[in-house]
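J.: Structure file input_30.cif (mmCIF, C-alpha atoms) is given on the next line.
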data_coords
#
loop_
_atom_site.label_atom_id
_atom_site.label_comp_id
_atom_site.auth_asym_id
_atom_site.auth_seq_id
_atom_site.Cartn_x
_atom_site.Cartn_y
_atom_site.Cartn_z
CA MET W 1 8.61 -26.23 -15.05
CA GLU W 2 5.71 -27.72 -16.90
CA THR W 3 4.95 -27.54 -20.58
CA THR W 4 1.52 -27.18 -22.05
CA ALA W 5 0.13 -29.06 -25.02
CA ASP W 6 1.33 -26.30 -27.36
CA ASP W 7 4.81 -26.68 -25.79
CA ALA W 8 4.87 -23.18 -24.29
CA THR W 9 6.83 -23.03 -21.05
CA VAL W 10 4.74 -22.45 -17.95
CA PRO W 11 6.46 -20.88 -14.91
CA GLY W 12 4.83 -23.29 -12.47
CA THR W 13 1.81 -25.05 -11.11
CA ALA W 14 0.41 -25.63 -7.64
CA GLY W 15 -2.35 -28.21 -7.28
CA THR W 16 -4.79 -27.50 -10.08
CA VAL W 17 -3.72 -23.85 -10.38
CA VAL W 18 -1.38 -23.05 -13.28
CA TYR W 19 0.86 -19.96 -13.15
CA ARG W 20 2.02 -18.51 -16.46
CA PRO W 21 2.74 -15.22 -18.22
CA ALA W 22 -0.43 -13.42 -19.27
CA ARG W 23 -1.53 -13.68 -22.88
CA PRO W 24 -3.60 -11.19 -24.91
CA GLU W 25 -6.64 -13.46 -24.58
CA ASP W 26 -6.46 -13.03 -20.76
CA ARG W 27 -7.22 -9.30 -20.96
CA GLU W 28 -10.99 -9.65 -20.39
CA ALA W 29 -10.55 -11.97 -17.40
CA LEU W 30 -7.95 -9.64 -15.88
CA ALA W 31 -10.26 -6.64 -16.26
CA GLY W 32 -13.12 -8.58 -14.64
CA LEU W 33 -11.30 -9.80 -11.53
CA ASP W 34 -12.82 -8.36 -8.36
CA GLY W 35 -9.92 -7.21 -6.19
CA SER W 36 -12.13 -5.53 -3.57
CA PHE W 37 -11.70 -6.32 0.11
CA THR W 38 -13.41 -5.85 3.46
CA THR W 39 -11.47 -5.29 6.66
CA ALA W 40 -12.30 -4.79 10.32
CA SER W 41 -9.02 -2.92 10.95
CA VAL W 42 -6.83 -0.35 9.25
CA PHE W 43 -3.33 0.97 9.83
CA HIS W 44 -3.71 4.43 11.37
CA VAL W 45 -0.86 6.77 10.34
CA ALA W 46 -0.20 9.77 12.58
CA VAL W 47 2.06 12.62 11.45
CA THR W 48 4.09 14.30 14.19
CA ASP W 49 6.82 16.97 14.23
CA GLU W 50 9.35 14.17 14.67
CA GLY W 51 8.03 11.90 11.91
CA PHE W 52 5.29 9.31 11.75
CA SER W 53 3.76 6.60 13.87
CA MET W 54 1.57 3.75 12.71
CA ARG W 55 -0.69 1.30 14.53
CA GLN W 56 -3.33 -1.20 13.49
CA THR W 57 -6.74 0.04 14.67
CA PRO W 58 -10.14 -1.72 14.67
CA VAL W 59 -12.93 -0.07 12.64
CA ASP W 60 -16.66 -0.52 13.05
CA PRO W 61 -18.37 -0.92 10.70
CA PRO W 62 -15.80 -2.78 8.60
CA VAL W 63 -14.38 -0.94 5.59
CA HIS W 64 -15.23 -2.30 2.14
CA LYS W 65 -12.91 -1.06 -0.62
CA VAL W 66 -13.56 -1.39 -4.34
CA PHE W 67 -10.68 -0.27 -6.51
CA PRO W 68 -11.42 2.02 -9.47
CA ASP W 69 -10.91 0.64 -12.97
CA GLU W 70 -7.44 1.31 -14.28
CA ASP W 71 -6.29 1.59 -17.86
CA ASP W 72 -2.85 0.11 -17.21
CA ASP W 73 -1.45 -1.77 -20.16
CA ALA W 74 2.14 -0.54 -19.74
CA ASP W 75 3.51 -4.08 -19.41
CA GLU W 76 1.95 -5.05 -22.73
CA ASP W 77 3.64 -2.14 -24.52
CA GLY W 78 6.87 -2.25 -22.52
CA ASP W 79 9.98 -4.34 -22.75
CA PRO W 80 9.12 -7.96 -21.80
CA GLU W 81 12.58 -8.22 -20.24
CA LEU W 82 11.53 -5.55 -17.73
CA ASN W 83 7.75 -6.04 -17.39
CA ARG W 84 5.56 -9.06 -16.86
CA THR W 85 2.08 -10.04 -15.80
CA VAL W 86 1.75 -13.54 -14.35
CA VAL W 87 -1.70 -15.09 -14.12
CA ALA W 88 -3.02 -17.97 -12.03
CA PHE W 89 -5.75 -20.09 -13.62
CA ASP W 90 -7.66 -23.12 -12.41
CA GLY W 91 -9.03 -24.40 -15.70
CA ASP W 92 -10.78 -21.38 -17.23
CA GLU W 93 -11.16 -19.57 -13.90
CA LEU W 94 -8.78 -16.68 -13.20
CA CYS W 95 -7.62 -17.06 -9.59
CA GLY W 96 -5.32 -14.02 -9.53
CA PHE W 97 -2.53 -12.08 -11.17
CA VAL W 98 0.56 -10.03 -10.42
CA LYS W 99 1.91 -7.18 -12.60
CA ILE W 100 5.61 -6.52 -12.09
CA SER W 101 8.31 -4.30 -13.52
CA PHE W 102 12.08 -4.25 -13.09
CA ALA W 103 14.16 -1.05 -12.95
CA PRO W 104 17.81 -1.80 -13.78
CA TRP W 105 19.12 1.52 -12.42
CA ASN W 106 18.44 0.53 -8.79
CA ALA W 107 17.90 -3.22 -9.27
CA ARG W 108 14.32 -2.97 -7.93
CA LEU W 109 11.41 -5.16 -8.88
CA THR W 110 8.15 -3.26 -8.34
CA ILE W 111 4.91 -5.09 -7.65
CA ARG W 112 2.65 -2.77 -9.67
CA ASP W 113 -0.54 -4.69 -8.92
CA ILE W 114 -1.53 -7.99 -7.36
CA ALA W 115 -5.03 -9.34 -6.93
CA VAL W 116 -6.51 -12.66 -5.90
CA ALA W 117 -10.15 -13.55 -6.57
CA SER W 118 -12.10 -13.68 -3.31
CA ALA W 119 -12.84 -17.41 -3.67
CA TRP W 120 -9.09 -18.10 -3.86
CA ARG W 121 -7.90 -15.95 -0.95
CA GLY W 122 -6.21 -17.82 1.88
CA LYS W 123 -5.31 -20.75 -0.38
CA GLY W 124 -1.72 -19.79 -1.24
CA VAL W 125 -2.41 -18.16 -4.62
CA GLY W 126 -1.12 -14.74 -3.51
CA ARG W 127 2.05 -16.26 -2.07
CA ALA W 128 2.60 -18.32 -5.24
CA LEU W 129 2.14 -15.21 -7.39
CA MET W 130 4.65 -13.37 -5.20
CA ASP W 131 7.02 -16.34 -5.63
CA GLN W 132 6.66 -15.93 -9.41
CA ALA W 133 7.52 -12.24 -9.01
CA SER W 134 10.51 -13.17 -6.85
CA ASP W 135 11.75 -15.62 -9.49
CA PHE W 136 11.50 -12.91 -12.17
CA ALA W 137 13.32 -10.50 -9.84
CA ARG W 138 16.18 -12.94 -9.29
CA GLU W 139 16.43 -13.66 -13.04
CA ARG W 140 16.88 -9.91 -13.60
CA GLY W 141 19.37 -9.50 -10.76
CA ALA W 142 17.06 -7.48 -8.51
CA GLY W 143 18.29 -6.79 -5.00
CA HIS W 144 14.82 -6.23 -3.61
CA MET W 145 11.11 -6.18 -4.34
CA TRP W 146 9.02 -3.10 -3.56
CA LEU W 147 5.30 -2.33 -3.40
CA GLU W 148 2.80 0.32 -2.35
CA VAL W 149 -0.36 -0.49 -0.40
CA SER W 150 -3.08 1.65 1.16
CA ASN W 151 -3.11 1.91 4.93
CA ILE W 152 -6.72 0.68 4.94
CA ASN W 153 -5.82 -2.59 3.19
CA ALA W 154 -4.90 -4.34 6.44
CA PRO W 155 -5.47 -7.86 4.99
CA ALA W 156 -2.85 -7.20 2.28
CA VAL W 157 -0.42 -5.55 4.71
CA ARG W 158 -0.62 -8.57 7.03
CA ALA W 159 -0.09 -10.93 4.07
CA TYR W 160 2.94 -8.95 2.85
CA LEU W 161 4.43 -9.00 6.36
CA ARG W 162 4.01 -12.81 6.44
CA MET W 163 5.80 -12.97 3.07
CA GLY W 164 8.84 -11.17 4.48
CA PHE W 165 8.11 -7.59 3.41
CA VAL W 166 8.91 -4.76 5.83
CA PHE W 167 7.77 -1.15 5.95
CA CYS W 168 10.23 1.16 4.22
CA GLY W 169 8.31 4.42 3.81
CA LEU W 170 5.00 6.16 3.33
CA ASP W 171 3.33 9.02 1.49
CA THR W 172 0.47 10.84 3.17
CA SER W 173 -0.54 12.75 0.02
CA LEU W 174 -0.24 10.19 -2.81
CA TYR W 175 -3.98 9.60 -3.06
CA ASP W 176 -5.07 13.25 -2.71
CA GLY W 177 -7.42 14.19 -5.56
CA THR W 178 -8.42 10.57 -6.18
CA GLU W 179 -11.26 8.30 -5.04
CA SER W 180 -8.87 7.18 -2.27
CA ALA W 181 -8.31 10.66 -0.80
CA GLY W 182 -7.73 10.42 2.95
CA GLU W 183 -5.84 7.13 2.73
CA GLN W 184 -2.06 6.94 3.08
CA ALA W 185 0.33 4.98 0.89
CA LEU W 186 2.56 2.54 2.77
CA PHE W 187 5.71 1.37 1.01
CA MET W 188 7.07 -2.10 1.72
CA ALA W 189 10.18 -3.93 0.55
CA ARG W 190 11.62 -7.44 0.68
CA TRP W 191 15.31 -7.94 0.12
CA LEU W 192 16.33 -10.91 -2.01
CA HIS W 193 19.89 -11.49 -0.80
#
Kindly present the structure from the file in C-alpha cells form.
T.:
Amino acid sequence: METTADDATVPGTAGTVVYRPARPEDREALAGLDGSFTTASVFHVAVTDEGFSMRQTPVDPPVHKVFPDEDDDADEDGDPELNRTVVAFDGDELCGFVKISFAPWNARLTIRDIAVASAWRGKGVGRALMDQASDFARERGAGHMWLEVSNINAPAVRAYLRMGFVFCGLDTSLYDGTESAGEQALFMARWLH
C-alpha cells in the first residue's frame, strides 16, 4: 500500500500508474475514456437442438465497436461495502477503470465494466485492475468473480481467458432491442479458492 500526500490510502501502484478508488472529480475522465476496440476475429455462437457451440472465427473487414454512453452511477449511490470503481492514473492521464459490485447472497463479485485506454492496452493495466477487483472480492469473501462480454469482443475474451476466467454461460437475446442487437452475451467466471 502507498499513501498519498493527503494521507489517503491507495490500493496499489505499478510503475508510474497509480490504482485507487474513484473520486467524484474523476467522473469527467471516466465518461471520456474511449473503450472502443477493433478485432479481426469474433466468437461465433451457434444454437443447436442440443445446446450451443462456439468457435473463434476471422472477420474481414475487422469489426470496430464503439460502446454507447451509459448513465451508470449505481456504485456512487450504492453501499461502498458492496460497490467500487477503481481507477488507474498515470499523472493526470486516466489509463483505465473497473466497476465492481459484490452480491452477498451468492458470494459473487461482478465485473460491471472494465475499460483500458487504447494507449495503455497490452501494458498490464487491465490485469492490474482485475487484480484490484480480485482483492476487493477476497476482502468481501467472494467465492468467484463473474462478467459478461460480447461475443464480438475477442480481444477482451482472450485477455479474460489469460487471466483465468472460463466460460460459464451465454445469452443469445440479451442485446436484442439495443445498438448491439445480433451479438451474444458470453458469461465468464473465475473462482477465487
J.: Which value, in Å to one decimal, gives the distance between CA of Thr85 (chain W) and CA of Ala115 (chain W)?
T.: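 Taking CA of Thr85 (chain W) and CA of Ala115 (chain W), their separation equals 11.4 Å.
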J.: Just say which residues the PyMOL selection byres ((chain W and resi 177-191) around 9) picks in this file, as a ChimeraX atom specification.
T.: /W:44-45,67-68,142-152,157,160-161,163-176,192-193
J.: Take the residues from that selection and write them out as an mmCIF file, in the frame of the given file, keeping C-alpha atoms.
T.:
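In the end it all went to out.cif:
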data_model
loop_
_atom_site.group_PDB
_atom_site.id
_atom_site.type_symbol
_atom_site.label_atom_id
_atom_site.label_comp_id
_atom_site.auth_asym_id
_atom_site.auth_seq_id
_atom_site.Cartn_x
_atom_site.Cartn_y
_atom_site.Cartn_z
ATOM 1 C CA HIS W 44 -3.710 4.430 11.370
ATOM 2 C CA VAL W 45 -0.860 6.770 10.340
ATOM 3 C CA PHE W 67 -10.680 -0.270 -6.510
ATOM 4 C CA PRO W 68 -11.420 2.020 -9.470
ATOM 5 C CA ALA W 142 17.060 -7.480 -8.510
ATOM 6 C CA GLY W 143 18.290 -6.790 -5.000
ATOM 7 C CA HIS W 144 14.820 -6.230 -3.610
ATOM 8 C CA MET W 145 11.110 -6.180 -4.340
ATOM 9 C CA TRP W 146 9.020 -3.100 -3.560
ATOM 10 C CA LEU W 147 5.300 -2.330 -3.400
ATOM 11 C CA GLU W 148 2.800 0.320 -2.350
ATOM 12 C CA VAL W 149 -0.360 -0.490 -0.400
ATOM 13 C CA SER W 150 -3.080 1.650 1.160
ATOM 14 C CA ASN W 151 -3.110 1.910 4.930
ATOM 15 C CA ILE W 152 -6.720 0.680 4.940
ATOM 16 C CA VAL W 157 -0.420 -5.550 4.710
ATOM 17 C CA TYR W 160 2.940 -8.950 2.850
ATOM 18 C CA LEU W 161 4.430 -9.000 6.360
ATOM 19 C CA MET W 163 5.800 -12.970 3.070
ATOM 20 C CA GLY W 164 8.840 -11.170 4.480
ATOM 21 C CA PHE W 165 8.110 -7.590 3.410
ATOM 22 C CA VAL W 166 8.910 -4.760 5.830
ATOM 23 C CA PHE W 167 7.770 -1.150 5.950
ATOM 24 C CA CYS W 168 10.230 1.160 4.220
ATOM 25 C CA GLY W 169 8.310 4.420 3.810
ATOM 26 C CA LEU W 170 5.000 6.160 3.330
ATOM 27 C CA ASP W 171 3.330 9.020 1.490
ATOM 28 C CA THR W 172 0.470 10.840 3.170
ATOM 29 C CA SER W 173 -0.540 12.750 0.020
ATOM 30 C CA LEU W 174 -0.240 10.190 -2.810
ATOM 31 C CA TYR W 175 -3.980 9.600 -3.060
ATOM 32 C CA ASP W 176 -5.070 13.250 -2.710
ATOM 33 C CA LEU W 192 16.330 -10.910 -2.010
ATOM 34 C CA HIS W 193 19.890 -11.490 -0.800
#
J.: Taking all atoms listed in the file into account, name the residue in W:Asp26, W:Asp49, W:Asp69, W:Asp90 that is nearest to Val125 (chain W).
T.: W:Asp90
J.: Just want the 10 Å neighbourhood of Val116 (chain W), counted on only C-alpha atoms, with same-chain residues fewer than 5 positions away dropped. Output as a PyMOL selection string.
T.: chain W and resi 33-36+87-88+94-98+121-126+129
J.: Kindly give the distance, in Å, that separates CA of Ser134 (chain W) and CA of Val86 (chain W), rounded to a single decimal.
T.: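 One can read the CA of Ser134 (chain W) to CA of Val86 (chain W) distance as 11.5 Å.
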J.: Which residues would end up in the selection if the PyMOL selection byres ((chain W and resi 56) around 12) were applied here, given that I need the answer as a PyMOL selection string?
T.: chain W and resi 39-46+53-55+57-59+151-155+157-158
J.: So what do you get for CA of Ser101 (chain W) versus CA of Gly15 (chain W), distance-wise?
T.: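 Between CA of Ser101 (chain W) and CA of Gly15 (chain W) the gap is 26.9 Å.
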J.: Kindly indicate which residue among W:Phe102, W:Ala156, W:Arg162, W:Ala128 lies nearest to Arg20 (chain W), using all atoms listed in the file for the distances.
T.: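 Comparing W:Phe102, W:Ala156, W:Arg162, W:Ala128 against Arg20 (chain W), the winner is W:Ala128.
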J.: Between W:Ala103, W:Glu93, W:Asp113, W:Ala119, which residue has the minimum interatomic distance to Val18 (chain W), considering only C-alpha atoms?
T.: W:Glu93
